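See structure below.
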Amino acid sequence: VRTWLRDVSPDVVGFQELKMEDDKFPHGAFVELGYRAVTFGQKSWNGVAVLAREDAEVRQRGLPGEEDFGSRLLSVRVGDITFVTVYCPNGKSVDHADFRGKLKWYASLSTWLEANHTPADDLVVAGDFNVVPAPIDSWNEAKLRGGIFHTDDERAAIRRLHEWGLVDLWRTLRPDDPGHSWWDYRAGAFHKNQGLRIDLVLGTRSIAARAKEAHLLRDWRKKVDGLTPSDHAPVWIDLDVSSK
């Protein structure tokens with residue numbers, strides 16, 4: 001992560017799946033690079049955080065009504081933008097009880113947005129959504145259609161976010177690029193290029209109007225200096241600050 005931060009030098013970063021409590025987070029490792037962190041952790045599971053070069057004002061820790069699913073949402077105000085990092089439930093499989101819980105969690109996310117924000121806000125919602133929004137986002141839609149991440153119900157939950165006013169910034173800027181961001185550690189999925197686009201950066205229309213470029217490099221899914229990577233590649237968006 002530190003290597004990526006030095007190379008890309010983003011202003012704001014959303015983390016998901018910390019798998020640690022707040023007092024275990026390595027704040028000092030990021031302070032050395034000019035970042036301050038706000039965290040909402042949890043022992044062994046889940047957990048989200050935001051890194052920023054300027055002070056981030058916490059607006060919301062946790063999704064109301066979904067406490068049983070753990071630490072999965074953190075909203076902060078950074079400069080003129082409200083930035084929300086989310087780690088949406090996986091759901092495990094379509095016949096697992098967690099799948100229904102996943103859909104309920106998404107409904108709660110939409111309800112929270114509708115109650116606390118308007119589509120006119122300068123708002124970014126980014127993170128691991130654990131949903132493949134459309135066939136282009138899957139390495140094999142024909143094979144995986146109807147399975148976890150690929151169901152009509154999950155995609156309907158994403159559409160509800162779009163209908164409210166959130167734009168998929170990657171798909172807007174790169175309409176024909178699959179943009180796969182996650183490859184299973186098992187069965188050589190990365191080397192076989194069997195990826196899924198489940199890591200999304202969504203923004204309101206005012207944010208979309210400022211979005212200049214979308215980035216995702218597979219190389220960040222490889223080892224760097226002998227260090228083991230995440231099974232996700234980082235996704236990032238360049239925003240025009242001159243228009244504000």
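For the structure tokens, the naming scheme is as follows: chains receive sequential letters (A, B, ...) according to their order of presentation, residues are indexed from 1 within each chain, and ligands are indexed from 1 in presentation order.
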
Show which residues sit within 9 Å of segment 205-219 of chain A, as a PDB file with N, CA, C and O atoms, in the first residue's frame. Count only C-alpha atoms, and ignore same-chain residues fewer than 4 positions away.
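Final output, saved to selection_4.pdb:
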ATOM      1  N   ILE A  81     -15.861  17.693  -0.659  1.00  0.00           N
ATOM      2  CA  ILE A  81     -16.463  16.418  -1.045  1.00  0.00           C
ATOM      3  C   ILE A  81     -16.809  15.585   0.185  1.00  0.00           C
ATOM      4  O   ILE A  81     -16.031  15.519   1.140  1.00  0.00           O
ATOM      5  N   PRO A 119     -29.016  14.165  -4.539  1.00  0.00           N
ATOM      6  CA  PRO A 119     -28.195  14.011  -5.746  1.00  0.00           C
ATOM      7  C   PRO A 119     -27.420  15.271  -6.129  1.00  0.00           C
ATOM      8  O   PRO A 119     -26.510  15.193  -6.954  1.00  0.00           O
ATOM      9  N   ALA A 120     -27.758  16.405  -5.527  1.00  0.00           N
ATOM     10  CA  ALA A 120     -27.034  17.649  -5.805  1.00  0.00           C
ATOM     11  C   ALA A 120     -25.754  17.776  -4.981  1.00  0.00           C
ATOM     12  O   ALA A 120     -24.947  18.671  -5.234  1.00  0.00           O
ATOM     13  N   ASP A 121     -25.546  16.885  -4.012  1.00  0.00           N
ATOM     14  CA  ASP A 121     -24.343  16.940  -3.187  1.00  0.00           C
ATOM     15  C   ASP A 121     -23.106  16.566  -3.995  1.00  0.00           C
ATOM     16  O   ASP A 121     -23.187  15.838  -4.992  1.00  0.00           O
ATOM     17  N   ASP A 122     -21.950  17.044  -3.548  1.00  0.00           N
ATOM     18  CA  ASP A 122     -20.667  16.579  -4.081  1.00  0.00           C
ATOM     19  C   ASP A 122     -20.282  15.339  -3.274  1.00  0.00           C
ATOM     20  O   ASP A 122     -19.645  15.430  -2.221  1.00  0.00           O
ATOM     21  N   LEU A 123     -20.682  14.175  -3.771  1.00  0.00           N
ATOM     22  CA  LEU A 123     -20.627  12.935  -3.004  1.00  0.00           C
ATOM     23  C   LEU A 123     -19.958  11.828  -3.807  1.00  0.00           C
ATOM     24  O   LEU A 123     -20.264  11.620  -4.983  1.00  0.00           O
ATOM     25  N   VAL A 124     -19.033  11.116  -3.158  1.00  0.00           N
ATOM     26  CA  VAL A 124     -18.403   9.932  -3.720  1.00  0.00           C
ATOM     27  C   VAL A 124     -18.694   8.752  -2.807  1.00  0.00           C
ATOM     28  O   VAL A 124     -18.550   8.859  -1.578  1.00  0.00           O
ATOM     29  N   GLY A 165     -29.048   8.767  -8.159  1.00  0.00           N
ATOM     30  CA  GLY A 165     -28.217   9.859  -8.646  1.00  0.00           C
ATOM     31  C   GLY A 165     -26.721   9.611  -8.642  1.00  0.00           C
ATOM     32  O   GLY A 165     -25.940  10.545  -8.873  1.00  0.00           O
ATOM     33  N   LEU A 166     -26.300   8.358  -8.415  1.00  0.00           N
ATOM     34  CA  LEU A 166     -24.877   8.042  -8.423  1.00  0.00           C
ATOM     35  C   LEU A 166     -24.457   7.491  -9.784  1.00  0.00           C
ATOM     36  O   LEU A 166     -25.122   6.614 -10.336  1.00  0.00           O
ATOM     37  N   VAL A 167     -23.354   7.992 -10.293  1.00  0.00           N
ATOM     38  CA  VAL A 167     -22.825   7.622 -11.604  1.00  0.00           C
ATOM     39  C   VAL A 167     -21.617   6.714 -11.416  1.00  0.00           C
ATOM     40  O   VAL A 167     -20.755   6.975 -10.563  1.00  0.00           O
ATOM     41  N   ASP A 168     -21.532   5.652 -12.192  1.00  0.00           N
ATOM     42  CA  ASP A 168     -20.378   4.761 -12.182  1.00  0.00           C
ATOM     43  C   ASP A 168     -19.261   5.442 -12.985  1.00  0.00           C
ATOM     44  O   ASP A 168     -19.294   5.490 -14.216  1.00  0.00           O
ATOM     45  N   LEU A 169     -18.280   6.003 -12.286  1.00  0.00           N
ATOM     46  CA  LEU A 169     -17.289   6.850 -12.941  1.00  0.00           C
ATOM     47  C   LEU A 169     -16.393   6.054 -13.888  1.00  0.00           C
ATOM     48  O   LEU A 169     -16.040   6.547 -14.965  1.00  0.00           O
ATOM     49  N   TRP A 170     -16.010   4.849 -13.510  1.00  0.00           N
ATOM     50  CA  TRP A 170     -15.203   4.024 -14.410  1.00  0.00           C
ATOM     51  C   TRP A 170     -15.949   3.752 -15.709  1.00  0.00           C
ATOM     52  O   TRP A 170     -15.423   3.947 -16.802  1.00  0.00           O
ATOM     53  N   ARG A 171     -17.177   3.292 -15.603  1.00  0.00           N
ATOM     54  CA  ARG A 171     -17.920   2.908 -16.805  1.00  0.00           C
ATOM     55  C   ARG A 171     -18.233   4.118 -17.669  1.00  0.00           C
ATOM     56  O   ARG A 171     -18.295   4.021 -18.903  1.00  0.00           O
ATOM     57  N   THR A 172     -18.392   5.292 -17.058  1.00  0.00           N
ATOM     58  CA  THR A 172     -18.628   6.509 -17.826  1.00  0.00           C
ATOM     59  C   THR A 172     -17.384   6.914 -18.615  1.00  0.00           C
ATOM     60  O   THR A 172     -17.468   7.270 -19.798  1.00  0.00           O
ATOM     61  N   LEU A 173     -16.237   6.839 -17.971  1.00  0.00           N
ATOM     62  CA  LEU A 173     -14.990   7.248 -18.611  1.00  0.00           C
ATOM     63  C   LEU A 173     -14.416   6.180 -19.528  1.00  0.00           C
ATOM     64  O   LEU A 173     -13.707   6.487 -20.482  1.00  0.00           O
ATOM     65  N   ARG A 174     -14.707   4.908 -19.232  1.00  0.00           N
ATOM     66  CA  ARG A 174     -14.167   3.796 -20.019  1.00  0.00           C
ATOM     67  C   ARG A 174     -15.305   2.835 -20.385  1.00  0.00           C
ATOM     68  O   ARG A 174     -15.399   1.727 -19.832  1.00  0.00           O
ATOM     69  N   GLY A 179     -12.356  -3.518 -17.061  1.00  0.00           N
ATOM     70  CA  GLY A 179     -11.931  -2.943 -15.789  1.00  0.00           C
ATOM     71  C   GLY A 179     -11.936  -3.916 -14.627  1.00  0.00           C
ATOM     72  O   GLY A 179     -12.227  -3.525 -13.493  1.00  0.00           O
ATOM     73  N   HIS A 180     -11.624  -5.175 -14.883  1.00  0.00           N
ATOM     74  CA  HIS A 180     -11.628  -6.166 -13.807  1.00  0.00           C
ATOM     75  C   HIS A 180     -10.667  -5.737 -12.691  1.00  0.00           C
ATOM     76  O   HIS A 180      -9.518  -5.371 -12.944  1.00  0.00           O
ATOM     77  N   SER A 181     -11.151  -5.791 -11.472  1.00  0.00           N
ATOM     78  CA  SER A 181     -10.376  -5.301 -10.328  1.00  0.00           C
ATOM     79  C   SER A 181     -10.093  -6.376  -9.294  1.00  0.00           C
ATOM     80  O   SER A 181      -9.333  -6.141  -8.351  1.00  0.00           O
ATOM     81  N   LYS A 223       3.086  -9.088  -7.048  1.00  0.00           N
ATOM     82  CA  LYS A 223       4.017  -8.768  -5.978  1.00  0.00           C
ATOM     83  C   LYS A 223       4.860  -7.555  -6.366  1.00  0.00           C
ATOM     84  O   LYS A 223       5.246  -7.394  -7.523  1.00  0.00           O
ATOM     85  N   VAL A 224       5.129  -6.720  -5.384  1.00  0.00           N
ATOM     86  CA  VAL A 224       6.002  -5.559  -5.572  1.00  0.00           C
ATOM     87  C   VAL A 224       7.096  -5.628  -4.516  1.00  0.00           C
ATOM     88  O   VAL A 224       6.792  -5.680  -3.318  1.00  0.00           O
ATOM     89  N   ALA A 233      -7.063  -5.089  -7.223  1.00  0.00           N
ATOM     90  CA  ALA A 233      -6.215  -4.009  -7.716  1.00  0.00           C
ATOM     91  C   ALA A 233      -6.875  -2.676  -7.371  1.00  0.00           C
ATOM     92  O   ALA A 233      -8.108  -2.570  -7.385  1.00  0.00           O
ATOM     93  N   PRO A 234      -6.093  -1.650  -7.047  1.00  0.00           N
ATOM     94  CA  PRO A 234      -6.690  -0.363  -6.706  1.00  0.00           C
ATOM     95  C   PRO A 234      -7.319   0.324  -7.923  1.00  0.00           C
ATOM     96  O   PRO A 234      -6.784   0.257  -9.031  1.00  0.00           O
ATOM     97  N   VAL A 235      -8.441   0.964  -7.689  1.00  0.00           N
ATOM     98  CA  VAL A 235      -9.133   1.754  -8.707  1.00  0.00           C
ATOM     99  C   VAL A 235      -9.089   3.206  -8.254  1.00  0.00           C
ATOM    100  O   VAL A 235      -9.354   3.492  -7.083  1.00  0.00           O
ATOM    101  N   TRP A 236      -8.733   4.113  -9.169  1.00  0.00           N
ATOM    102  CA  TRP A 236      -8.738   5.512  -8.757  1.00  0.00           C
ATOM    103  C   TRP A 236      -9.170   6.423  -9.901  1.00  0.00           C
ATOM    104  O   TRP A 236      -9.041   6.094 -11.072  1.00  0.00           O
ATOM    105  N   ILE A 237      -9.731   7.570  -9.495  1.00  0.00           N
ATOM    106  CA  ILE A 237     -10.305   8.547 -10.412  1.00  0.00           C
ATOM    107  C   ILE A 237      -9.626   9.893 -10.207  1.00  0.00           C
ATOM    108  O   ILE A 237      -9.425  10.322  -9.078  1.00  0.00           O
ATOM    109  N   ASP A 238      -9.269  10.550 -11.304  1.00  0.00           N
ATOM    110  CA  ASP A 238      -8.752  11.913 -11.245  1.00  0.00           C
ATOM    111  C   ASP A 238      -9.903  12.892 -11.427  1.00  0.00           C
ATOM    112  O   ASP A 238     -10.643  12.829 -12.414  1.00  0.00           O
ATOM    113  N   LEU A 239     -10.025  13.809 -10.476  1.00  0.00           N
ATOM    114  CA  LEU A 239     -11.049  14.853 -10.553  1.00  0.00           C
ATOM    115  C   LEU A 239     -10.409  16.193 -10.864  1.00  0.00           C
ATOM    116  O   LEU A 239      -9.325  16.506 -10.364  1.00  0.00           O
ATOM    117  N   ASP A 240     -11.087  16.980 -11.654  1.00  0.00           N
ATOM    118  CA  ASP A 240     -10.658  18.348 -11.967  1.00  0.00           C
ATOM    119  C   ASP A 240     -11.000  19.236 -10.793  1.00  0.00           C
ATOM    120  O   ASP A 240     -12.171  19.378 -10.438  1.00  0.00           O
ATOM    121  N   VAL A 241      -9.988  19.823 -10.171  1.00  0.00           N
ATOM    122  CA  VAL A 241     -10.252  20.694  -9.041  1.00  0.00           C
ATOM    123  C   VAL A 241     -10.434  22.139  -9.472  1.00  0.00           C
ATOM    124  O   VAL A 241     -10.906  22.972  -8.690  1.00  0.00           O
ATOM    125  N   SER A 242     -10.082  22.450 -10.720  1.00  0.00           N
ATOM    126  CA  SER A 242     -10.169  23.846 -11.178  1.00  0.00           C
ATOM    127  C   SER A 242     -11.601  24.297 -11.369  1.00  0.00           C
ATOM    128  O   SER A 242     -11.885  25.493 -11.402  1.00  0.00           O
ATOM    129  N   SER A 243     -12.530  23.322 -11.476  1.00  0.00           N
ATOM    130  CA  SER A 243     -13.922  23.678 -11.726  1.00  0.00           C
ATOM    131  C   SER A 243     -14.660  24.020 -10.447  1.00  0.00           C
ATOM    132  O   SER A 243     -15.835  24.371 -10.461  1.00  0.00           O
ATOM    133  N   LYS A 244     -14.004  23.866  -9.285  1.00  0.00           N
ATOM    134  CA  LYS A 244     -14.636  24.172  -8.004  1.00  0.00           C
ATOM    135  C   LYS A 244     -14.103  25.480  -7.458  1.00  0.00           C
ATOM    136  O   LYS A 244     -12.949  25.810  -7.640  1.00  0.00           O
TER     137      LYS A 244
END

Set the distance at 12 Å and use only C-alpha atoms: which residues neighbour Phe190 of chain A once local chain neighbours fewer than 5 positions away are removed? I'd like the list as a list in words.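 The neighbour list is Trp139, His180, Ser181, Trp182, Trp183, Asp184, Tyr185, Gly195, Leu196, Arg218, Asp219, Trp220, Arg221, Lys222, Pro229, Ser230, Asp231, His232 and Ala233 of chain A.
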
Selection file, C-alpha atoms, as an mmCIF file, in the first residue's frame:
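Output below, filename again08.cif:
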data_model
loop_
_atom_site.group_PDB
_atom_site.id
_atom_site.type_symbol
_atom_site.label_atom_id
_atom_site.label_comp_id
_atom_site.auth_asym_id
_atom_site.auth_seq_id
_atom_site.Cartn_x
_atom_site.Cartn_y
_atom_site.Cartn_z
ATOM 1 C CA TRP A 139 -14.754 -12.591 -17.246
ATOM 2 C CA HIS A 180 -11.628 -6.166 -13.807
ATOM 3 C CA SER A 181 -10.376 -5.301 -10.328
ATOM 4 C CA TRP A 182 -10.515 -8.634 -8.463
ATOM 5 C CA TRP A 183 -9.053 -12.043 -9.186
ATOM 6 C CA ASP A 184 -9.508 -15.052 -6.923
ATOM 7 C CA TYR A 185 -6.305 -16.273 -5.287
ATOM 8 C CA GLY A 195 -11.380 -11.293 -13.170
ATOM 9 C CA LEU A 196 -14.449 -9.385 -12.027
ATOM 10 C CA ARG A 218 -3.220 -5.102 -13.103
ATOM 11 C CA ASP A 219 0.430 -4.744 -12.117
ATOM 12 C CA TRP A 220 -0.635 -3.637 -8.633
ATOM 13 C CA ARG A 221 -2.193 -7.097 -8.191
ATOM 14 C CA LYS A 222 1.304 -8.589 -8.588
ATOM 15 C CA PRO A 229 -0.585 -7.936 -2.788
ATOM 16 C CA SER A 230 -4.279 -7.853 -2.080
ATOM 17 C CA ASP A 231 -6.512 -9.927 -4.363
ATOM 18 C CA HIS A 232 -7.932 -6.575 -5.530
ATOM 19 C CA ALA A 233 -6.215 -4.009 -7.716
#

Could you write out, as a ChimeraX atom specification, all the residues of segment 40-178 of chain A that DSSP marks as strand (DSSP E or B)? /A:40,48-52,57-61,73-78,81-87,123-128,138,167-168

Pick from A:Asn90, A:Asn193, A:Asn140, A:Ser110: nearest to Arg160 of chain A, with only C-alpha atoms counted?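 Checking each candidate against Arg160 of chain A, we get A:Ser110 as the closest.
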
From the list A:Thr85, A:Ser108, A:Thr39, A:Ser93, which residue is nearest Glu67 of chain A when using only C-alpha atoms? A:Ser108

Among segment 3-243 of chain A, which residues carry a DSSP assignment of helix (DSSP H, G or I), reported as a PyMOL selection string? chain A and resi 3-8+22-24+27-31+67-69+97-116+135-137+141-144+152-164+169-173+186-188+205-208+218-221

Could you state the separation of atom CA of Leu202 of chain A and atom CA of Val94 of chain A in Å, given to one decimal place? 25.1 Å

Mind checking which residues fall within 7 Å of Gly47 of chain A, counting only C-alpha atoms, ignoring those fewer than 2 positions away in the same chain, and posting them as a list in words? Gln16, Glu17, Leu18, Lys19, Met20, Phe40, Gly41, Gln42, Trp45, Ser71 and Arg72 of chain A

Between atom CA of His150 of chain A and atom CA of Asp176 of chain A, what is the distance in Å, rounded to a tenth?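 Computing it gives 18.8 Å between the two atoms.
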
Shell of 8 Å around segment 3-13 of chain A, only C-alpha atoms, local chain residues under 4 positions omitted, as a ChimeraX atom specification: /A:33,50-53,220

Pick from A:Asp128, A:Glu32, A:Asp153, A:Glu21: nearest to Ala107 of chain A, with only C-alpha atoms counted?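 The closest residue to Ala107 of chain A is A:Asp153.
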
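In this structure, atom CA of Ile136 of chain A sits 14.1 Å away from atom CA of Thr151 of chain A.
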
Mind checking which residues fall within 12 Å of Pro64 of chain A, counting only C-alpha atoms, ignoring those fewer than 6 positions away in the same chain, and posting them as a PyMOL selection string? chain A and resi 70-74+104-113+115-116

File of the preceding selection, C-alpha atoms, as a PDB file, in the first residue's frame:
ATOM      1  CA  GLY A  70     -20.177  -5.254  11.132  1.00  0.00           C
ATOM      2  CA  SER A  71     -18.015  -2.242  10.276  1.00  0.00           C
ATOM      3  CA  ARG A  72     -18.741  -1.630   6.612  1.00  0.00           C
ATOM      4  CA  LEU A  73     -19.394   2.088   6.060  1.00  0.00           C
ATOM      5  CA  LEU A  74     -17.467   5.231   6.913  1.00  0.00           C
ATOM      6  CA  LYS A 104     -31.225  -5.956   2.917  1.00  0.00           C
ATOM      7  CA  TRP A 105     -27.898  -4.205   3.543  1.00  0.00           C
ATOM      8  CA  TYR A 106     -28.074  -2.652   0.086  1.00  0.00           C
ATOM      9  CA  ALA A 107     -31.630  -1.502   0.734  1.00  0.00           C
ATOM     10  CA  SER A 108     -30.425   0.125   3.951  1.00  0.00           C
ATOM     11  CA  LEU A 109     -27.614   1.841   2.036  1.00  0.00           C
ATOM     12  CA  SER A 110     -30.110   3.347  -0.404  1.00  0.00           C
ATOM     13  CA  THR A 111     -32.391   4.404   2.450  1.00  0.00           C
ATOM     14  CA  TRP A 112     -29.479   6.050   4.252  1.00  0.00           C
ATOM     15  CA  LEU A 113     -28.431   7.939   1.129  1.00  0.00           C
ATOM     16  CA  ALA A 115     -32.339  10.312   4.089  1.00  0.00           C
ATOM     17  CA  ASN A 116     -28.965  12.025   4.482  1.00  0.00           C
TER      18      ASN A 116
END
